[in-house]
Amino acid sequence: MSSTTNTFNPIPSFTFHLRVSSLPKFSPRLGQAVITRPVHRTGDEAEKIEISTPGIICSTTRGVIEHLSRDHVKKTCSIKWVHVPFESFLQIDPPVPTRQDGSNPLHRFLGYSPSQHLLSLSLRDPADVRDMPANGNLFVAAQSSRGTRKVPPQAYRSYAAATMPDIVFSMPDVSFTPPPHSQKRINKSIERSTRWLASLLAPLNLVSSPVEPNSEHAATATNILPRFNVFLHMVGGIKEAARSAFASSLKEPLDVKESHVAQLETLDDGVSGYVFDLAPLRLALLAEQPRSLQSVLAAAASVYRPTDDSITHSFVSLVHASLQDLSAEKPRLVNTALSPHEMLVLIRDAGIDLFDTFWAQQAATWGFALDFRFPVRTENLLSHGDSPGQKQLGINIFDGRFATDFGRLAEHLMDRLEYSKHNSDLSEEDALGHATFCTCAACSPTWANDPLIHSSVDERTVPSEEEPAPPYTRAYIHHLLHTHEMSAHSLLAMHNITVMNAFMRGIRSILQYEPDRFSDEVARFQETYDGTLKALDDAKLCWAEVNLARGKGRIAREREASKSVEGLHKDSSSIDCEF
Amino acid sequence: MQFEVLAQCSTTRARVSRMVMAHGTTLLPTFMPVATQAAIKGLTYQQMEDLGVTLILNNTYHLNLRPGIKVLKEAGGAHKFQGWRKNLLTVLIPKFFSDSGGFQLVSLSKFTKITEEGALFASPFTGEPTLLTPEESIAIQHTIGADIIMQLDDVVPSLTTGPRVEEAMWRSVRWLDRCITQHKKNNHDNQNLFAIIQGGLDNKLRDICLDEMIKRKDSVNGYAIGGLSGGEAKAQCASKLPEDRPRYSMGIGFAEDLLVCVALGVDMADCVFPTRTARFGVALTLRGPLNLRLNKYVQDLDPIDRDCPCPTCQSGTSRAFLHHNIGIETAAAHAVTQHNIVFQAKLMGGVRDAILNDTFPSFLHDFFREYYSGGSYPRWIVDALNTVGVNLLEGIKEVRVIDGSGANWDYAN
């Protein structure tokens with residue numbers, strides 16, 4: 001692995017503090033995760049990124065937050081922690097991001113801002129549950145864009161060292177061959193994951209440092225060997241005993257002579273956080289259900305839809321088994337929770353701190369705009385044309401009823417224009433930390449009033465309205481979705497991520513100011529909102545239809561259709577997707 | 001519309017002018033990106049404004065189908081519906097043939113039947129017939145509320161010959177009169193009507209059409225020339241158009257075509273090419289296009305163009321990154337789209353400055369030398385520019401003049 005490509009790659013320091021450390025181990029808690037980037041020159045102010053927990057992590061595919069160009073990522077201040085699976089880059093060797101030079105190579109290659117974004121790296125995409133070839137003793141099977149690749153732990157470590165993400169997730173042995181998995185297989189998983197963690201925790205041999213020998217950082221450089229900030233995938237599948245066994249192995253005292261993990265008493269000492277990927281667990285739990293139930297549960301979008309409460313409670317038990325004997329002070333991260341209901345239960349019963357927004361981003365692709373608040377507001381309980389009973393967590397904008405709806409996306413979160421009419425102070429959160437309005441570029445678009453000027457005669461004048469811009473309307477986005485226009489998804493992605501961030505703000509506010517009410521508020525939320533997300537299923541079907549009619553390959557499909565049928569008349573579907 | 005010519009090139013027929021309309025000022029010559037279905041594909045209108053664009057195009061035919069005039073009316077017009085606050089131009093029907101580099105739009109011709117009353121369309125989606133009359137076309141454009149609206153014309157593909165061409169020409173003149181009448185009703189002074197010169201490749205017919213439509217100059221705010229069909233016809237056409245009206249050439253998007261048109265006196269052009277080719281992974285540069293799907297870019301960590309002010313290049317987006325994601329992630333399409341829009345806008349900005357400084361001929365020399373750095377100049381460009389006093393071959397030693405369109409491609413090597 002070339003050491004000349006990176007001239008300055010100090011690892012940022014990562015800390016996590018609980019606001020109150022004396023709480024029961026798995027109760028909901030407030031925390032603060034902080035990344036501090038080392039200074040390039042003594043006297044420079046260190047860049048810090050602070051993330052309050054419970055909080056969100058944005059998912060990426062192929063390094064990109066889906067549908068968002070770099071300027072949109074920058075504009076969406078809800079985006080702070082971004083998770084990057086590395087496997088898509090494995091198509092060529094060495095992977096292209098490892099050739100990026102300069103500081104913060106992963107940020108630089110992918111276009112994230114070191115001052116704004118915290119990047120974490122894993123090998124595999126936590127949302128990818130496709131069947132894979134088996135892992136081996138010395139490698140994980142990963143999915144590049146051109147087929148599977150065998151990735152040994154040393155290779156993964158070298159990718160991390162070359163790209164310098166802020167946080168590196170361990171490379172676990174999780175099997176994606178069809179479940180169920182035998183006890184023997186789970187034991188192997190524990191043994192391999194432990195061994196591979198050890199290699200990741202070995203100190204890094206950083207070639208150069210820009211800091212002057214007599215500066216305060218020089219002391220750091222010589223006395224403490226730098227290592228990655230490692231978050232550990234908690235393995236053991238759906239077997240609590242296996243999870244406990246894994247935790248035990250982490251706490252075994254290390255042989256001092258094991259030089260590759262010098263300066264650590266146990267492996268757990270080198271771990272900065274704990275990760276739980278729900279997707280493979282969901283599959284494994286589904287596989288345990290009686291056959292008849294399996295087909296029902298697996299029907300609607302399978303691992304892309306929350307299943308039922310019993311599965312969420314199983315997740316809670318598994319987290320307990322993994323963390324019972326480990327420190328409560330380290331952050332707990334869950335990937336692919338599929339609804340706010342699941343997240344609330346995991347916060348309430350397992351003290352989870354961080355969630356990825358996979359489901360919300362997926363919803364944006366399917367034309368579903370999130371529209372909910374926590375805690376539930378009494379005005380939300382008024383029926384807005386919904387049938388009595390539970391409200392949906394959002395709206396399927398494909399639905400014909402939005403064709404002339406000129407309101408903004410989320411009824412329950414104001415837009416800046418409306419908020420400005422009743423408030424002179426446009427701060428984005430109120431005194432208790434709740435979001436005041438949806439700051440996304442769809443609900444609260446802002447004119448920069450600083451366009452590129454292309455010639456000396458071009459005028460700098462911009463239209464003079466001082467008012468905030470009006471929100472993009474449901475009618476317009478409905479139109480965009482039906483005409484297969486990509487901007488619909490950009491707007492929805494920014495919106496959904498922002499709603500998720502507002503959701504977390506509401507949770508933090510209750511935990512801070514009225515922690516005793518948290519359980520009741522969770523119950524109220526569960527009563528108010530339908531957690532099965534049926535409306536999301538509808539959206540997915542509508543999206544698939546439009547995609548078929550207007551997406552890639554449609555000209556060939558139309559030609560086929562016009563050969564066999566007179567004209568191009570479409571037959572109606574059972575869902576009210578207006579054409 | 002306030003229209004003012006600011007400067008005239010002393011060699012060619014190019015000029016810099018300013019158009020002030022209800023939604024602001026647009027400097028000409030300019031290129032108009034196409035927002036066919038009320039969106040520039042992949043981008044929001046905040047992004048569009050940031051790129052320095054002041055005039056975009058919507059397609060009435062598409063908007064009439066989706067979302068439909070009823071929705072647009074309820075929204076208060078197309079500006080409010082889509083959220084664009086600067087200038088808007090509507091065209092009626094997507095043309096069948098675009099001579100700029102072989103991009104053929106999906107043909108609607110098998111669904112269209114023209115009568116004196118209007119154009120009868122069978123909707124490709126429902127099969128239902130709709131009659132579009134000149135009056136109706138203006139009424140729809142009034143509802144849409146664009147700053148520049150077009151007459152309904154009887155368009156024939158530019159390669160057609162025979163009596164149909166003359167029939168279409170005269171009908172277009174008659175339809176222009178009907179459009180003017182409809183336009184003058186109901187006080188729509190803030191919207192500007194453009195006439196469309198017809199006549200195919202027949203110079204005599206084009207001249208007649210020109211004379212007739214220029215007679216109506218006081219009721220018309222600008223003139224469009226439908227379809228590029230070689231420099232010759234363009235030259236004839238633009239030279240006879242009145243100086244005090246903007247000239248719009250429809251369906252021109254390639255850089256070389258734009259520059260020739262400007263030299264012949266054209267002020268504005270539209271085309272789907274730059275934005276469409278972006279989505280297919282082709283980034284436009286002064287040295288020709290980069291086809292980012294080619295393997296030669298897989299490890300290329302340079303941006304598309306270090307000197308480009310677009311958000312993509314300014315954030316250092318590498319060719320390797322785009323290669324990895326183009327065609328797979330919409331975000332990559334957006335990035336190249338932003339770049340190509342800025343490329344076109346910056347090119348035309350350079351044109352405006354050059355005309356203003358009366359250095360347009362040397363601008364042309366410099367551009368083509370870099371653009372055709374392989375040393376092969378297309379004959380049609382050399383000939384067309386000669387008609388306006390610019391000899392591209394002057395002072396260059398090693399140059400070949402070749403036949404064909406001269407379209408620049410990026411090869412795999």
# chains A, B, ... in the order shown; residues from 1 in each chain; ligands from 1
>>> interface_residues(of="chain A", to="chain B", cutoff="7 Å", atoms="only C-alpha atoms", output="ChimeraX atom specification")
/A:66-69,71,96,111,404,447-448,450-456,458,472,476,479,485-487,567-569
>>> residues_around(residues="Arg164 of chain B", least_positions_apart="5", cutoff="12 Å", atoms="only C-alpha atoms", output="short mmCIF file (atom, residue, chain, number, x, y, z; two decimals) with N, CA, C and O atoms, in the first residue's frame")
data_model
loop_
_atom_site.label_atom_id
_atom_site.label_comp_id
_atom_site.auth_asym_id
_atom_site.auth_seq_id
_atom_site.Cartn_x
_atom_site.Cartn_y
_atom_site.Cartn_z
N ILE B 114 -52.77 17.91 -39.98
CA ILE B 114 -52.93 19.37 -40.06
C ILE B 114 -54.08 19.73 -40.97
O ILE B 114 -54.19 19.23 -42.09
N ASP B 154 -47.35 25.89 -39.03
CA ASP B 154 -47.53 24.62 -39.73
C ASP B 154 -46.12 24.16 -40.11
O ASP B 154 -45.55 24.63 -41.08
N VAL B 155 -45.59 23.28 -39.31
CA VAL B 155 -44.19 22.94 -39.51
C VAL B 155 -44.05 21.67 -40.33
O VAL B 155 -44.75 20.69 -40.11
N VAL B 156 -43.18 21.74 -41.33
CA VAL B 156 -42.83 20.54 -42.08
C VAL B 156 -41.35 20.27 -41.85
O VAL B 156 -40.57 21.20 -41.68
N PRO B 157 -40.95 19.01 -41.86
CA PRO B 157 -39.52 18.71 -41.70
C PRO B 157 -38.72 19.45 -42.76
O PRO B 157 -39.17 19.56 -43.92
N SER B 158 -37.57 20.00 -42.38
CA SER B 158 -36.85 20.90 -43.27
C SER B 158 -36.38 20.21 -44.55
O SER B 158 -36.03 20.87 -45.51
N LEU B 159 -36.38 18.90 -44.56
CA LEU B 159 -35.91 18.22 -45.77
C LEU B 159 -37.04 17.96 -46.77
O LEU B 159 -36.80 17.47 -47.87
N MET B 169 -46.09 27.27 -45.56
CA MET B 169 -45.59 28.63 -45.38
C MET B 169 -46.74 29.62 -45.32
O MET B 169 -46.85 30.44 -44.41
N TRP B 170 -47.65 29.53 -46.29
CA TRP B 170 -48.77 30.47 -46.31
C TRP B 170 -49.68 30.27 -45.11
O TRP B 170 -50.20 31.22 -44.53
N ARG B 171 -49.86 28.99 -44.76
CA ARG B 171 -50.72 28.73 -43.60
C ARG B 171 -50.11 29.33 -42.34
O ARG B 171 -50.81 29.88 -41.50
N GLN B 198 -40.98 30.33 -41.87
CA GLN B 198 -41.01 29.00 -42.47
C GLN B 198 -40.45 29.03 -43.88
O GLN B 198 -40.02 30.06 -44.37
N GLY B 199 -40.53 27.90 -44.56
CA GLY B 199 -40.15 27.85 -45.96
C GLY B 199 -39.17 26.75 -46.29
O GLY B 199 -38.71 26.63 -47.43
N GLY B 200 -38.83 25.94 -45.31
CA GLY B 200 -37.94 24.81 -45.57
C GLY B 200 -36.62 25.27 -46.16
O GLY B 200 -36.05 26.29 -45.75
N ASP B 202 -36.25 26.09 -49.29
CA ASP B 202 -36.50 26.87 -50.49
C ASP B 202 -36.30 28.36 -50.18
O ASP B 202 -37.10 28.97 -49.48
N LEU B 205 -39.25 30.74 -51.01
CA LEU B 205 -40.36 30.66 -50.08
C LEU B 205 -40.01 31.33 -48.75
O LEU B 205 -40.83 32.03 -48.15
#
>>> residues_around(residues="Leu278 of chain A", least_positions_apart="6", cutoff="8 Å", atoms="only C-alpha atoms", output="number ranges by chain")
A: 315, 334-337
>>> select_by_dssp(residues="segment 170-355 of chain B", states="helix (DSSP H, G or I)", output="ChimeraX atom specification")
/B:170-184,203-215,217-219,231-240,255-263,273-279,295-297,311-314,319-325,330-355
>>> residues_around(residues="His83 of chain A", least_positions_apart="5", cutoff="6 Å", atoms="only C-alpha atoms", output="list in words")
Ser59, Leu119 and Ser120 of chain A
>>> atom_distance(atom1="atom CA of Arg62 of chain A", atom2="atom CA of Asp93 of chain A")
16.2 Å
>>> closest_residue(among="A:Ser78, A:Gln289, A:Ser88, A:Ser272", to="Val230 of chain A", atoms="only C-alpha atoms")
A:Ser272
